>>> print(open('query.txt').read())   # compact mmCIF, C-alpha atoms
# COMPACT_ATOMS: atom_id res chain seq x y z
CA MET A 30 6.14 -13.38 23.50
CA LEU A 31 4.65 -10.21 25.00
CA PHE A 32 3.71 -12.12 28.15
CA GLN A 33 7.31 -13.30 28.45
CA ILE A 34 8.56 -9.73 28.22
CA TYR A 35 6.13 -8.50 30.85
CA ARG A 36 7.02 -11.29 33.25
CA THR A 37 10.74 -10.70 32.77
CA PHE A 38 10.92 -6.91 33.03
CA PHE A 39 7.85 -5.46 34.71
CA GLN A 40 7.06 -5.75 38.40
CA GLY A 41 4.23 -3.21 38.32
CA SER A 42 1.85 -1.96 35.67
CA VAL A 43 2.57 -0.52 32.25
CA GLU A 44 0.66 2.71 31.85
CA ASN A 45 2.00 3.85 28.53
CA LEU A 46 2.32 1.81 25.33
CA PHE A 47 4.08 3.86 22.68
CA PHE A 48 3.94 2.43 19.17
CA LEU A 49 6.00 3.87 16.33
CA GLU A 50 3.55 2.10 14.05
CA CYS A 51 -0.17 1.62 14.52
CA THR A 52 -0.94 -1.59 12.61
CA LYS A 53 -1.72 -4.98 14.16
CA THR A 54 -1.68 -3.52 17.64
CA GLY A 55 -4.97 -4.98 18.84
CA ILE A 56 -3.36 -8.35 19.65
CA LEU A 57 -0.59 -6.73 21.67
CA LEU A 58 -2.98 -4.45 23.52
CA ARG A 59 -5.25 -7.35 24.44
CA ALA A 60 -2.22 -9.25 25.74
CA ALA A 61 -1.12 -6.28 27.83
CA LEU A 62 -4.59 -5.76 29.28
CA THR A 63 -4.95 -9.47 30.07
CA TYR A 64 -1.65 -9.50 31.90
CA GLN A 65 -1.98 -6.37 33.99
CA ARG A 66 -5.80 -6.11 34.18
CA GLY A 67 -5.82 -2.34 34.20
CA PRO A 68 -6.08 0.69 31.92
CA ILE A 69 -3.34 1.51 29.40
CA ASN A 70 -2.48 4.65 27.50
CA TYR A 71 -1.77 3.89 23.85
CA LEU A 72 0.19 6.45 21.82
CA PRO A 73 0.47 5.54 18.13
CA ILE A 74 2.59 7.66 15.80
CA ASP A 75 2.06 7.55 12.07
CA ILE A 76 2.45 9.89 9.12
CA SER A 77 -1.06 9.00 7.90
CA THR A 78 -4.02 10.72 9.54
CA THR A 79 -6.30 8.14 7.91
CA ALA A 80 -4.34 5.22 9.38
CA LEU A 81 -4.45 6.76 12.86
CA HIS A 82 -8.18 7.43 12.62
CA GLU A 83 -8.88 3.88 11.47
CA ALA A 84 -6.72 2.44 14.25
CA GLN A 85 -8.51 4.53 16.85
CA SER A 86 -11.94 3.52 15.54
CA ASN A 87 -11.10 -0.18 15.27
CA LEU A 88 -9.63 -0.37 18.76
CA LYS A 89 -12.90 0.81 20.27
CA TYR A 90 -14.41 -2.51 19.22
CA LEU A 91 -11.37 -4.70 19.89
CA VAL A 92 -10.20 -3.66 23.34
CA SER A 93 -11.45 -1.74 26.35
CA ASP A 94 -9.62 0.25 29.01
CA VAL A 95 -7.34 1.80 26.40
CA CYS A 96 -6.94 5.56 26.03
CA VAL A 97 -5.73 6.31 22.49
CA MET A 98 -3.65 9.48 22.03
CA PRO A 99 -2.40 9.57 18.42
CA GLN A 100 0.30 11.81 17.00
CA VAL A 101 0.54 12.60 13.27
CA LYS A 102 4.29 12.61 12.71
CA ASN A 103 6.98 11.25 10.45
CA TYR A 104 8.96 9.60 13.23
CA ALA A 105 12.03 9.35 10.98
CA THR A 106 12.29 13.11 10.48
CA ASP A 107 9.96 14.88 12.96
CA ASP A 108 10.36 15.46 16.67
CA PHE A 109 7.71 13.42 18.44
CA ILE A 110 6.86 13.92 22.09
CA LEU A 111 6.40 11.09 24.54
CA PRO A 112 4.28 12.47 27.41
CA SER A 113 5.47 11.82 30.93
CA PHE A 114 3.59 9.16 32.91
CA ASP A 115 3.87 7.45 36.24
CA GLY A 116 4.83 3.82 35.88
CA CYS A 117 6.61 2.11 32.98
CA THR A 118 6.63 3.08 29.34
CA PHE A 119 6.85 0.27 26.81
CA VAL A 120 8.02 1.51 23.38
CA ILE A 121 7.17 -0.93 20.59
CA TYR A 122 8.85 -0.50 17.20
CA ILE A 123 7.93 -3.60 15.25
CA GLY A 124 7.20 -4.49 11.65
CA VAL A 125 10.94 -4.20 10.79
CA SER A 126 10.31 -0.68 9.43
CA ILE A 127 13.52 0.56 10.99
CA GLY A 128 15.24 -1.31 8.15
CA ASN A 129 13.66 1.10 5.67
CA SER A 130 15.63 3.95 7.22
CA SER A 131 19.30 4.56 6.65
CA LYS A 132 21.64 3.59 9.47
CA GLU A 133 21.99 7.28 10.38
CA GLU A 134 18.21 7.78 10.41
CA ALA A 135 17.75 4.63 12.50
CA LYS A 136 20.31 5.88 15.01
CA ASN A 137 18.54 9.25 15.27
CA ILE A 138 15.12 7.61 15.77
CA LEU A 139 16.42 5.43 18.60
CA LEU A 140 18.36 8.31 20.16
CA HIS A 141 15.23 10.47 20.18
CA VAL A 142 13.29 7.67 21.87
CA TYR A 143 16.07 7.10 24.42
CA GLU A 144 16.20 10.75 25.41
CA GLN A 145 12.55 10.63 26.50
CA LEU A 146 12.63 7.42 28.56
CA LYS A 147 13.34 6.63 32.19
CA ALA A 148 15.70 3.96 33.50
CA GLU A 149 12.95 1.38 34.04
CA ASP A 150 11.35 1.81 30.61
CA VAL A 151 11.68 -0.74 27.82
CA LEU A 152 12.05 -0.79 24.04
CA LEU A 153 10.90 -3.71 21.90
CA LEU A 154 12.49 -3.50 18.47
CA SER A 155 12.19 -5.86 15.52
CA VAL A 156 14.65 -6.00 12.63
CA ASP A 157 15.31 -8.11 9.57
CA MET A 158 18.39 -10.23 10.12
CA CYS A 159 21.22 -10.79 7.65
CA HIS A 160 20.78 -14.11 5.90
CA ASP A 161 21.60 -15.98 2.71
CA PRO A 162 21.04 -13.42 -0.09
CA SER A 163 19.15 -15.99 -2.16
CA VAL A 164 16.62 -16.42 0.66
CA LEU A 165 16.23 -12.67 1.11
CA LEU A 166 15.81 -12.03 -2.61
CA SER A 167 13.25 -14.81 -2.84
CA ALA A 168 11.24 -13.11 -0.11
CA TYR A 169 11.32 -9.80 -1.96
CA ASN A 170 10.48 -11.41 -5.31
CA ASP A 171 7.51 -13.54 -4.26
CA LYS A 172 5.77 -15.59 -6.96
CA ASN A 173 2.48 -13.73 -6.47
CA GLY A 174 4.18 -10.41 -7.15
CA VAL A 175 2.87 -8.76 -4.00
CA VAL A 176 6.08 -6.86 -3.21
CA ALA A 177 6.55 -5.88 -6.86
CA ASP A 178 3.01 -4.55 -7.09
CA PHE A 179 3.61 -2.42 -4.01
CA GLN A 180 6.43 -0.62 -5.86
CA PHE A 181 4.50 -0.36 -9.12
CA ASN A 182 1.70 1.24 -7.16
CA VAL A 183 4.01 4.20 -6.53
CA LEU A 184 4.13 4.80 -10.30
CA ARG A 185 0.35 4.42 -10.50
CA ARG A 186 -0.07 7.11 -7.87
CA LEU A 187 2.42 9.39 -9.64
CA ASN A 188 0.32 8.99 -12.79
CA ARG A 189 -3.01 9.47 -11.03
CA GLU A 190 -2.17 12.20 -8.55
CA PHE A 191 0.82 14.09 -9.97
CA GLY A 192 0.31 14.10 -13.74
CA TYR A 193 2.99 11.61 -14.82
CA ASN A 194 2.53 9.15 -17.69
CA PHE A 195 4.62 6.14 -16.65
CA ASP A 196 3.92 3.09 -18.82
CA LEU A 197 4.13 0.33 -16.22
CA ASP A 198 4.51 -2.33 -18.92
CA GLN A 199 7.87 -0.77 -19.83
CA PHE A 200 9.36 -1.42 -16.39
CA ARG A 201 10.16 -4.59 -14.51
CA TYR A 202 10.68 -5.14 -10.82
CA GLN A 203 14.19 -6.19 -9.81
CA PRO A 204 15.33 -6.70 -6.19
CA VAL A 205 19.13 -6.55 -5.76
CA TRP A 206 21.28 -7.56 -2.80
CA ASN A 207 23.85 -4.89 -1.91
CA GLU A 208 26.54 -6.65 0.12
CA HIS A 209 28.36 -3.43 1.02
CA LYS A 210 25.26 -1.78 2.51
CA SER A 211 23.76 -5.06 3.77
CA SER A 212 20.47 -4.16 2.14
CA VAL A 213 17.96 -5.38 -0.42
CA GLU A 214 17.46 -2.65 -2.99
CA GLN A 215 14.10 -2.67 -4.72
CA HIS A 216 14.48 -1.37 -8.27
CA LEU A 217 12.15 -0.74 -11.18
CA GLN A 218 14.17 -1.26 -14.36
CA SER A 219 13.38 0.42 -17.66
CA LEU A 220 12.92 -2.13 -20.46
CA CYS A 221 13.62 0.36 -23.24
CA LEU A 222 14.84 3.85 -24.08
CA GLN A 223 11.89 6.01 -23.06
CA GLN A 224 10.65 9.35 -21.87
CA VAL A 225 8.19 9.98 -19.07
CA LYS A 226 6.36 13.29 -18.97
CA CYS A 227 4.78 15.12 -16.09
CA ILE A 228 2.22 17.84 -16.76
CA ASP A 229 0.96 19.66 -13.69
CA ARG A 230 0.18 23.18 -12.52
CA PHE A 231 3.88 24.00 -12.55
CA GLY A 232 4.23 23.17 -16.24
CA GLU A 233 5.72 20.23 -18.11
CA LYS A 234 8.87 18.26 -17.40
CA THR A 235 10.39 15.18 -18.97
CA LEU A 236 12.31 12.28 -17.42
CA HIS A 237 14.65 10.30 -19.68
CA PHE A 238 15.36 6.60 -19.08
CA ASP A 239 17.94 4.49 -20.88
CA LYS A 240 17.28 0.81 -21.44
CA GLY A 241 18.36 -1.01 -18.28
CA GLU A 242 18.34 2.16 -16.15
CA THR A 243 16.68 1.65 -12.79
CA ILE A 244 14.76 3.59 -10.18
CA ASN A 245 15.84 2.57 -6.70
CA MET A 246 12.50 2.65 -4.91
CA ILE A 247 13.68 1.76 -1.42
CA ASP A 248 16.54 0.16 0.52
CA SER A 249 15.67 -2.50 3.12
CA TYR A 250 18.61 -2.82 5.50
CA LYS A 251 19.44 -6.10 7.24
CA PHE A 252 21.22 -6.47 10.55
CA SER A 253 23.56 -8.85 12.28
CA ILE A 254 23.36 -9.23 16.07
CA GLU A 255 26.51 -7.13 16.28
CA ASP A 256 24.96 -4.41 14.08
CA ILE A 257 21.82 -4.05 16.14
CA ASN A 258 23.70 -4.13 19.45
CA MET A 259 26.00 -1.37 18.20
CA LEU A 260 23.01 0.68 17.02
CA LEU A 261 21.26 0.30 20.37
CA ASN A 262 24.39 1.02 22.36
CA ILE A 263 25.12 4.20 20.41
CA ALA A 264 21.62 5.42 21.29
CA GLY A 265 22.17 4.48 24.95
CA PHE A 266 20.21 1.24 25.27
CA ILE A 267 21.32 -2.07 26.72
CA SER A 268 20.40 -5.11 24.64
CA MET A 269 18.86 -7.61 27.05
CA VAL A 270 17.12 -10.34 25.05
CA VAL A 271 17.17 -11.46 21.45
CA LEU A 272 14.16 -13.47 20.33
CA GLY A 273 14.60 -15.05 16.89
CA VAL A 274 11.94 -16.59 14.69
CA GLU A 275 11.87 -19.20 11.94
CA PHE A 276 14.65 -18.88 9.34
CA HIS A 277 16.25 -16.17 11.53
CA LEU A 278 14.79 -13.50 9.27
CA LEU A 279 13.44 -11.54 12.20
CA SER A 280 14.86 -10.79 15.61
CA ASN A 281 12.98 -9.04 18.37
CA VAL A 282 15.33 -7.13 20.62
CA VAL A 283 14.30 -6.00 24.07
CA SER A 284 16.38 -3.20 25.52
CA LEU A 285 16.40 -1.40 28.82
CA ASN A 286 17.15 2.29 28.98
CA GLU A 287 20.29 2.99 31.00
CA GLY A 288 18.89 6.29 32.23
CA ASN A 289 19.92 9.81 31.31
>>> encode(input="query.txt", output="structure tokens")
Amino acid sequence: MLFQIYRTFFQGSVENLFFLECTKTGILLRAALTYQRGPINYLPIDISTTALHEAQSNLKYLVSDVCVMPQVKNYATDDFILPSFDGCTFVIYIGVSIGNSSKEEAKNILLHVYEQLKAEDVLLLSVDMCHDPSVLLSAYNDKNGVVADFQFNVLRRLNREFGYNFDLDQFRYQPVWNEHKSSVEQHLQSLCLQQVKCIDRFGEKTLHFDKGETINMIDSYKFSIEDINMLLNIAGFISMVVLGVEFHLLSNVVSLNEGN
């Protein structure tokens, strides 16, 4: 897919690869280097210093001719700076993480990216597509409990690092489709009337949960083609290509910056 994008949009070299996430980038970087056979600047942005350090260390063994310039930022809330380079900038926002931001946050992220690009630069964006709710809920409620365990791990960390005493056996994972928001809400539902205490250096506090009460851990927004085109257009991009995958759960959207 990356080769197709290069062939379609780039006549010269890409000097700057700007990732809003720094996982699974080795494959893409190798593809870029194979195509253009020249050095590339790679600018990952992540909130985790550890993740950035690991990415930088791993890439030394996976690819050559890549200059890694990480930025520790929360790209949903912080102002990140895209340095100016000669040649094209290829912004890659994959992993469908934009769906974990509200529509307003997603618009602001894309607008901030747009404001720093030139007319010949390109954005590759991946999103989760709207689909049959039963299929979506099945994906979020996998039989191995991987997604559920990810949410329960938040409670484990609250217990371990912040002095809470959540009893994980008294909660169950429950994904819910919200038609109005076009999102899958991931809830942890209390199985009984209970109290959860937190004892830390600030003192003691108590959280009360009724039976059936839920904690909405995260919203995962889904998009129609019209939704994503509107979001891109509001930010100033032109949607050029939509590349779907099996079951239409994911769509990769390539957009050209109109210029400022």
>>> atom_distance(input="query.txt", atom1="atom CA of Asp161 of chain A", atom2="atom CA of Gly174 of chain A")
20.8 Å
>>> closest_residue(input="query.txt", among="A:Gly128, A:Gly232, A:Gly116, A:Pro204", to="Met246 of chain A", atoms="only C-alpha atoms")
A:Pro204
>>> closest_residue(input="query.txt", among="A:Ile244, A:His237, A:Ser131, A:Tyr71", to="Leu88 of chain A", atoms="only C-alpha atoms")
A:Tyr71
>>> residues_around(input="query.txt", residues="segment 185-187 of chain A", least_positions_apart="3", cutoff="12 Å", atoms="only C-alpha atoms", output="ChimeraX atom specification")
/A:178-182,190-198,225-229
>>> atom_distance(input="query.txt", atom1="atom CA of Tyr143 of chain A", atom2="atom CA of Val97 of chain A")
21.9 Å
>>> residues_around(input="query.txt", residues="Ala264 of chain A", least_positions_apart="3", cutoff="9 Å", atoms="only C-alpha atoms", output="JSON, numbers by chain")
{"A": [136, 137, 138, 139, 140, 141, 142, 143, 144, 259, 260, 261]}
>>> atom_distance(input="query.txt", atom1="atom CA of Val183 of chain A", atom2="atom CA of Asn129 of chain A")
15.9 Å
>>> residues_around(input="query.txt", residues="Ser212 of chain A", least_positions_apart="2", cutoff="9 Å", atoms="all atoms listed in the file", output="list in words")
Gly128, Cys159, Val205, Trp206, Asn207, Glu208, His209, Lys210, Glu214, Asp248, Ser249, Tyr250, Lys251 and Phe252 of chain A
>>> residues_around(input="query.txt", residues="Gln145 of chain A", least_positions_apart="4", cutoff="9 Å", atoms="only C-alpha atoms", output="PyMOL selection string")
chain A and resi 110-113+140-141+289
